[in-house]
Amino acid sequence: MNQQVAKFSRIGFVLSATGAAVGLGNIWKFPYITGVYGGGAFVLVYLVTILLIGASLLIAEMVIGKRGQKDCVSSFEELAPAGKKGWKYAGFMLFTGLVIMTFYSVVIGWIFYYMYISFTGLPVTIDDAKHIFDNLYAHAPFMQIVFHLLSVVFVAVVLLGGIKKGIEKTNLILIPFLLFILLGLLVYAMNFDGFTQAVHFMFAPDFSKLSAEAIIRAVGHSFFTLSIGIGSIMTYAAALPKHSNLYQAGLMVAFMDTLIALIAGLVIFSFLFQFGGTPDKGPGLVFVSLPVIFAKLGVMGQGIALVFFLAMAVAGLTSAISLVEPSVMYLEDRLKWRRKKAVVWSSLLYFVIGVLVIFSISDGYKGLLTFGKKSLFDVLEFSVDSFLMPLGGILIAIFVGYVMKRDIVEGELLGHMGNAVFKIWYFSIRYIAPLAVLFLAYNALKV
Ligand code: TRP
């Protein structure tokens with residue numbers, strides 16, 4: 001079958017968009033920022049943002065893709081009214097995906113390494129664990145490159161298969177598998193006394209702990225976790241059949257994404273509280289605190305560690321696919337490259353910059369790749385979080401809220417949403433979402 005006209009099935013789309021949304025953001029980042037910002041109150045702000053802003057923008061991005069039916073640049077061009085075709089430049093948000101991949105793929109590489117040490121020996125003390133992580137991070141660039149390459153190759157192979165045989169098929173298998181693992185871990189963790197503490201920590205809000213910074217982080221994370229603002233969801237939605245219900249699909253994806261973040265948090269905090277760790281450990285939470293706990297559980301712990309890191313790898317890889325596909329589709333559809341050539345060049349580009357990212361955190365090389373006080377790794381991550389993604393988010397909101405004809409937008413959603421919900425959604429896209437994004441970008445630049 002010609003891949004360009006291949007369409008997702010309904011379930012294929014929902015699972016693939018869920019695969020895009022559920023990533024390192026859910027299993028690594030959400031639990032650690034929840035820990036750092038004090039638990040319940042932070043979680044509550046995050047849930048409210050997902051509901052009020054995140055889900056609305058997600059649906060808006062789907063509308064552009066489904067209506068445009070093309071790569072991200074051409075979809076903007078197609079849907080912009082005559083005289084406003086310059087909107088096609090908004091489509092270049094698709095390159096943000098490659099920028100994200102320069103560090104995202106490196107982190108997936110770390111997870112592969114942790115799967116490997118689940119077999120060969122987990123650290124027994126916190127000092128050990130810090131040492132192992134630090135060794136990997138700062139002293140083993142070549143090993144990191146090998147694992148980074150492994151992730152690049154996996155993603156490339158899936159992308160070569162196209163929408164149906166590559167992306168849909170992979171997600172149809174891996175996402176149920178991921179859910180199965182996480183639910184298994186949750187059931188296991190429910191037997192701990194630590195589980196009750198975990199529930200309390202995550203769901204009993206203590207507003208005295210809620211700082212302005214926590215709110216900014218919660219809003220920012222709600223974008224990142226739903227994969228908004230770089231054309232990933234738009235590109236997937238371009239392969240939707242005519243009569244798809246975007247409202248339902250959007251809610252479903254937002255729900256699954258949130259559910260998985262909450263399960264991951266509960267599992268991780270249950271282990272921590274049960275075996276004497278503290279939740280506020282920052283980015284090292286899953287790479288430093290957890291391995292020590294798993295080590296305490298002997299052979300059983302090794303198995304749990306392996307399964308846990310496997311789940312993380314699956315979550316990361318299915319997101320990675322969605323980060324590269326927008327570029328591939330653009331090169332293929334608009335510039336008429338062969339799919340293979342598009343996949344190879346996109347992969348090569350972020351692979352090479354990823355290698356520089358690795359050297360930018362390695363002792364002995366990092367001097368060459370530090371800008372001001374920030375390593376290339378930090379510079380790229382920071383520009384994504386505080387500039388590129390907010391920019392993409394606001395362009396999408398303005399385009400759907402003000403530029404696209406209202407009846408096209410209505411035609412896509414009104415029948416499914418009903419009048420009242422549509423009005424609320426449209427209001428959110430026109431006013432709440434742009435203001436929230438501006439607030440986010442403004443505050444991010446201040447720090
Ligand atoms: N949402 C993914 C995560 O939580 C990351 C991701 C995948 C992403 N595709 C994206 C983020 C598109 C922004 C835009 O890890």
# chains A, B, ... in the order shown; residues from 1 in each chain; ligands from 1
>>> select_by_dssp(residues="range 112-240 of chain A", states="alpha helix (DSSP H)", output="MDAnalysis selection string")
chainID A and resid 112:120 126:139 141:160 169:189 194:203 212:226 232:237
>>> closest_atom_pairs(of="chain A", to="ligand 1", cutoff="7 Å", atoms="only C-alpha atoms and all ligand atoms", output="JSON lines")
{"residue": "A:Ala20", "atom": "CA", "partner": "ligand 1", "partner_atom_place_in_ligand_line": "7 (C)", "distance": 4.8}
{"residue": "A:Ala21", "atom": "CA", "partner": "ligand 1", "partner_atom_place_in_ligand_line": "1 (N)", "distance": 3.9}
{"residue": "A:Val22", "atom": "CA", "partner": "ligand 1", "partner_atom_place_in_ligand_line": "4 (O)", "distance": 5.0}
{"residue": "A:Gly23", "atom": "CA", "partner": "ligand 1", "partner_atom_place_in_ligand_line": "15 (O)", "distance": 3.3}
{"residue": "A:Leu24", "atom": "CA", "partner": "ligand 1", "partner_atom_place_in_ligand_line": "15 (O)", "distance": 3.9}
{"residue": "A:Gly25", "atom": "CA", "partner": "ligand 1", "partner_atom_place_in_ligand_line": "4 (O)", "distance": 3.4}
{"residue": "A:Asn26", "atom": "CA", "partner": "ligand 1", "partner_atom_place_in_ligand_line": "4 (O)", "distance": 5.2}
{"residue": "A:Gly97", "atom": "CA", "partner": "ligand 1", "partner_atom_place_in_ligand_line": "12 (C)", "distance": 6.3}
{"residue": "A:Phe223", "atom": "CA", "partner": "ligand 1", "partner_atom_place_in_ligand_line": "13 (C)", "distance": 6.9}
{"residue": "A:Phe224", "atom": "CA", "partner": "ligand 1", "partner_atom_place_in_ligand_line": "11 (C)", "distance": 4.4}
{"residue": "A:Thr225", "atom": "CA", "partner": "ligand 1", "partner_atom_place_in_ligand_line": "4 (O)", "distance": 3.6}
{"residue": "A:Leu226", "atom": "CA", "partner": "ligand 1", "partner_atom_place_in_ligand_line": "1 (N)", "distance": 5.0}
{"residue": "A:Ser227", "atom": "CA", "partner": "ligand 1", "partner_atom_place_in_ligand_line": "14 (C)", "distance": 3.5}
{"residue": "A:Ile228", "atom": "CA", "partner": "ligand 1", "partner_atom_place_in_ligand_line": "14 (C)", "distance": 4.9}
{"residue": "A:Gly229", "atom": "CA", "partner": "ligand 1", "partner_atom_place_in_ligand_line": "14 (C)", "distance": 5.8}
{"residue": "A:Ile230", "atom": "CA", "partner": "ligand 1", "partner_atom_place_in_ligand_line": "14 (C)", "distance": 5.1}
{"residue": "A:Ser232", "atom": "CA", "partner": "ligand 1", "partner_atom_place_in_ligand_line": "12 (C)", "distance": 5.3}
{"residue": "A:Gly316", "atom": "CA", "partner": "ligand 1", "partner_atom_place_in_ligand_line": "15 (O)", "distance": 6.3}
{"residue": "A:Ser319", "atom": "CA", "partner": "ligand 1", "partner_atom_place_in_ligand_line": "7 (C)", "distance": 4.2}
{"residue": "A:Ala320", "atom": "CA", "partner": "ligand 1", "partner_atom_place_in_ligand_line": "7 (C)", "distance": 6.0}
{"residue": "A:Ser322", "atom": "CA", "partner": "ligand 1", "partner_atom_place_in_ligand_line": "9 (N)", "distance": 5.3}
{"residue": "A:Leu323", "atom": "CA", "partner": "ligand 1", "partner_atom_place_in_ligand_line": "9 (N)", "distance": 4.8}
{"residue": "A:Met389", "atom": "CA", "partner": "ligand 1", "partner_atom_place_in_ligand_line": "13 (C)", "distance": 6.9}
>>> write_last_selection(atoms="all heavy atoms", output="short mmCIF file (atom, residue, chain, number, x, y, z; two decimals), in the first residue's frame")
data_model
loop_
_atom_site.label_atom_id
_atom_site.label_comp_id
_atom_site.auth_asym_id
_atom_site.auth_seq_id
_atom_site.Cartn_x
_atom_site.Cartn_y
_atom_site.Cartn_z
N ALA A 20 3.13 8.77 21.93
CA ALA A 20 3.85 10.04 21.82
C ALA A 20 3.83 10.78 23.15
O ALA A 20 4.84 11.30 23.62
CB ALA A 20 3.20 10.91 20.74
N ALA A 21 2.67 10.79 23.77
CA ALA A 21 2.52 11.57 25.00
C ALA A 21 3.24 10.94 26.18
O ALA A 21 3.92 11.61 26.95
CB ALA A 21 1.03 11.75 25.31
N VAL A 22 3.08 9.63 26.32
CA VAL A 22 3.67 8.95 27.47
C VAL A 22 5.15 8.70 27.20
O VAL A 22 5.50 7.94 26.31
CB VAL A 22 2.99 7.60 27.72
CG1 VAL A 22 3.70 6.85 28.84
CG2 VAL A 22 1.53 7.82 28.06
N GLY A 23 5.99 9.39 27.94
CA GLY A 23 7.42 9.24 27.68
C GLY A 23 8.23 9.42 28.94
O GLY A 23 7.73 9.23 30.06
N LEU A 24 9.47 9.82 28.75
CA LEU A 24 10.34 10.04 29.90
C LEU A 24 9.73 11.10 30.80
O LEU A 24 9.94 11.11 32.00
CB LEU A 24 11.71 10.50 29.43
CG LEU A 24 12.40 9.55 28.45
CD1 LEU A 24 13.76 10.09 28.04
CD2 LEU A 24 12.54 8.18 29.09
N GLY A 25 8.95 11.99 30.19
CA GLY A 25 8.27 13.01 30.97
C GLY A 25 7.38 12.40 32.05
O GLY A 25 7.27 12.93 33.15
N ASN A 26 6.76 11.28 31.75
CA ASN A 26 5.83 10.68 32.71
C ASN A 26 6.54 9.87 33.79
O ASN A 26 6.17 9.90 34.95
CB ASN A 26 4.86 9.74 32.00
CG ASN A 26 4.08 10.45 30.94
OD1 ASN A 26 4.63 10.99 29.99
ND2 ASN A 26 2.78 10.48 31.11
N GLY A 97 11.32 18.91 17.22
CA GLY A 97 11.39 17.49 17.53
C GLY A 97 12.81 16.96 17.43
O GLY A 97 13.26 16.20 18.29
N PHE A 223 2.53 20.81 29.13
CA PHE A 223 2.77 20.89 27.68
C PHE A 223 3.67 19.76 27.23
O PHE A 223 3.40 19.08 26.25
CB PHE A 223 3.49 22.19 27.33
CG PHE A 223 2.59 23.35 27.20
CD1 PHE A 223 1.63 23.60 28.16
CD2 PHE A 223 2.69 24.19 26.12
CE1 PHE A 223 0.79 24.67 28.04
CE2 PHE A 223 1.86 25.26 25.99
CZ PHE A 223 0.91 25.52 26.95
N PHE A 224 4.77 19.64 27.92
CA PHE A 224 5.77 18.66 27.49
C PHE A 224 5.17 17.26 27.52
O PHE A 224 5.35 16.48 26.59
CB PHE A 224 7.00 18.73 28.40
CG PHE A 224 8.13 17.88 27.90
CD1 PHE A 224 8.98 18.34 26.90
CD2 PHE A 224 8.34 16.61 28.41
CE1 PHE A 224 10.01 17.55 26.43
CE2 PHE A 224 9.37 15.80 27.93
CZ PHE A 224 10.20 16.28 26.94
N THR A 225 4.46 16.97 28.57
CA THR A 225 3.98 15.60 28.72
C THR A 225 2.91 15.25 27.69
O THR A 225 2.78 14.12 27.27
CB THR A 225 3.47 15.34 30.16
OG1 THR A 225 3.28 13.94 30.31
CG2 THR A 225 2.18 16.06 30.45
N LEU A 226 2.14 16.23 27.23
CA LEU A 226 1.13 15.92 26.22
C LEU A 226 1.68 16.06 24.80
O LEU A 226 0.96 15.90 23.82
CB LEU A 226 -0.10 16.82 26.39
CG LEU A 226 -0.96 16.55 27.61
CD1 LEU A 226 -2.15 17.52 27.65
CD2 LEU A 226 -1.48 15.12 27.64
N SER A 227 2.96 16.37 24.68
CA SER A 227 3.60 16.49 23.35
C SER A 227 3.00 17.60 22.50
O SER A 227 2.80 17.44 21.30
CB SER A 227 3.49 15.18 22.56
OG SER A 227 4.07 14.14 23.26
N ILE A 228 2.73 18.73 23.13
CA ILE A 228 2.10 19.83 22.40
C ILE A 228 3.13 20.78 21.83
O ILE A 228 4.15 21.04 22.45
CB ILE A 228 1.19 20.63 23.37
CG1 ILE A 228 0.01 19.77 23.80
CG2 ILE A 228 0.70 21.91 22.73
CD1 ILE A 228 -0.70 20.33 24.99
N GLY A 229 2.88 21.31 20.66
CA GLY A 229 3.62 22.48 20.19
C GLY A 229 4.78 22.24 19.26
O GLY A 229 5.54 23.16 18.97
N ILE A 230 4.96 21.02 18.76
CA ILE A 230 6.03 20.84 17.80
C ILE A 230 5.55 20.07 16.57
O ILE A 230 6.34 19.65 15.74
CB ILE A 230 7.23 20.11 18.42
CG1 ILE A 230 6.87 18.64 18.69
CG2 ILE A 230 7.67 20.74 19.71
CD1 ILE A 230 8.01 17.76 18.30
N SER A 232 4.03 17.08 16.44
CA SER A 232 3.97 15.61 16.52
C SER A 232 2.54 15.12 16.36
O SER A 232 2.23 14.27 15.52
CB SER A 232 4.44 15.11 17.89
OG SER A 232 5.83 15.13 17.98
N GLY A 316 9.96 5.90 26.42
CA GLY A 316 10.85 6.84 25.74
C GLY A 316 10.86 6.62 24.23
O GLY A 316 10.76 7.57 23.44
N SER A 319 7.79 7.73 22.28
CA SER A 319 7.75 9.20 22.16
C SER A 319 8.76 9.65 21.12
O SER A 319 8.49 10.56 20.32
CB SER A 319 8.09 9.87 23.49
OG SER A 319 7.09 9.61 24.42
N ALA A 320 9.93 9.02 21.16
CA ALA A 320 11.00 9.41 20.23
C ALA A 320 10.51 9.30 18.78
O ALA A 320 10.79 10.17 17.95
CB ALA A 320 12.22 8.53 20.46
N SER A 322 7.63 9.78 17.65
CA SER A 322 6.76 10.91 17.32
C SER A 322 7.53 12.22 17.20
O SER A 322 7.04 13.19 16.63
CB SER A 322 5.68 11.08 18.39
OG SER A 322 6.22 11.72 19.53
N LEU A 323 8.72 12.26 17.75
CA LEU A 323 9.51 13.48 17.67
C LEU A 323 10.21 13.60 16.31
O LEU A 323 10.51 14.69 15.86
CB LEU A 323 10.56 13.50 18.80
CG LEU A 323 9.98 13.77 20.19
CD1 LEU A 323 10.93 13.35 21.29
CD2 LEU A 323 9.65 15.25 20.34
N MET A 389 8.92 25.26 22.69
CA MET A 389 7.59 24.68 22.92
C MET A 389 6.51 25.70 23.22
O MET A 389 5.42 25.62 22.65
CB MET A 389 7.64 23.59 23.99
CG MET A 389 8.34 22.35 23.45
SD MET A 389 8.10 20.86 24.39
CE MET A 389 6.47 21.05 24.99
#
>>> select_by_dssp(residues="range 272-442 of chain A", states="strand (DSSP E or B)", output="ChimeraX atom specification")
/A:370-371,374-375
>>> residues_around(residues="Ser360 in chain A", least_positions_apart="4", cutoff="9 Å", atoms="only C-alpha atoms", output="number ranges by chain")
A: 355-356, 365-370, 375-377
>>> residues_around(residues="Leu297 in chain A", least_positions_apart="3", cutoff="12 Å", atoms="only C-alpha atoms", output="PyMOL selection string")
chain A and resi 122-124+271+274-275+290-294+300-305
>>> residues_around(residues="Phe42 in chain A", least_positions_apart="3", cutoff="7 Å", atoms="only C-alpha atoms", output="count of residues only")
9
>>> closest_residue(among="A:Ala156, A:Leu182, A:Val409, A:Ile268", to="Gly35 in chain A", atoms="only C-alpha atoms")
A:Ile268
>>> residues_around(residues="Ser222 in chain A", least_positions_apart="6", cutoff="9 Å", atoms="only C-alpha atoms", output="mmCIF file with N, CA and C atoms, in the first residue's frame")
data_model
loop_
_atom_site.group_PDB
_atom_site.id
_atom_site.type_symbol
_atom_site.label_atom_id
_atom_site.label_comp_id
_atom_site.auth_asym_id
_atom_site.auth_seq_id
_atom_site.Cartn_x
_atom_site.Cartn_y
_atom_site.Cartn_z
ATOM 1 N N TYR A 46 -1.065 20.621 38.443
ATOM 2 C CA TYR A 46 -0.773 19.913 37.195
ATOM 3 C C TYR A 46 -2.062 19.345 36.582
ATOM 4 N N LEU A 47 -2.892 18.726 37.412
ATOM 5 C CA LEU A 47 -4.134 18.139 36.894
ATOM 6 C C LEU A 47 -5.061 19.207 36.326
ATOM 7 N N THR A 49 -4.189 22.128 35.120
ATOM 8 C CA THR A 49 -3.638 22.657 33.856
ATOM 9 C C THR A 49 -3.869 21.702 32.698
ATOM 10 N N ILE A 50 -3.687 20.416 32.960
ATOM 11 C CA ILE A 50 -3.919 19.447 31.892
ATOM 12 C C ILE A 50 -5.348 19.595 31.393
ATOM 13 N N ILE A 53 -5.955 23.631 30.006
ATOM 14 C CA ILE A 53 -5.140 24.154 28.917
ATOM 15 C C ILE A 53 -4.588 23.047 28.038
ATOM 16 N N GLY A 54 -3.971 22.059 28.683
ATOM 17 C CA GLY A 54 -3.294 21.008 27.924
ATOM 18 C C GLY A 54 -4.217 20.290 26.961
ATOM 19 N N ILE A 228 2.725 18.731 23.132
ATOM 20 C CA ILE A 228 2.096 19.830 22.404
ATOM 21 C C ILE A 228 3.134 20.783 21.830
#
>>> closest_residue(among="A:Ser386, A:Gln69, A:Ser118, A:Thr196", to="Leu272 in chain A", atoms="only C-alpha atoms")
A:Thr196
>>> closest_residue(among="A:Leu52, A:Ala140, A:Lys446, A:Val106", to="Gly364 in chain A", atoms="only C-alpha atoms")
A:Ala140
>>> closest_residue(among="A:Phe177, A:Phe201, A:Trp87, A:Tyr116", to="Gly40 in chain A", atoms="only C-alpha atoms")
A:Phe201
>>> atom_distance(atom1="CA of Ala238 in chain A", atom2="CA of Lys88 in chain A")
15.7 Å
>>> residues_around(residues="range 277-288 of chain A", least_positions_apart="5", cutoff="7 Å", atoms="only C-alpha atoms", output="ChimeraX atom specification")
/A:28,32-33,35-36,126,129-130,133,269,272
>>> closest_atom_pairs(of="range 214-331 of chain A", to="range 341-353 of chain A", cutoff="12 Å", atoms="only C-alpha atoms", output="tab-separated table")
residue	atom	partner	partner_atom	distance
A:Ala320	CA	A:Ser347	CA	11.0
A:Ile321	CA	A:Ser347	CA	10.7
A:Leu323	CA	A:Ser346	CA	10.7
A:Val324	CA	A:Ser346	CA	7.3
A:Glu325	CA	A:Val343	CA	8.4
A:Pro326	CA	A:Ser346	CA	10.1
A:Ser327	CA	A:Ser346	CA	7.0
A:Val328	CA	A:Ala342	CA	5.2
A:Met329	CA	A:Ala342	CA	8.0
A:Tyr330	CA	A:Ala342	CA	8.7
A:Leu331	CA	A:Ala342	CA	5.8
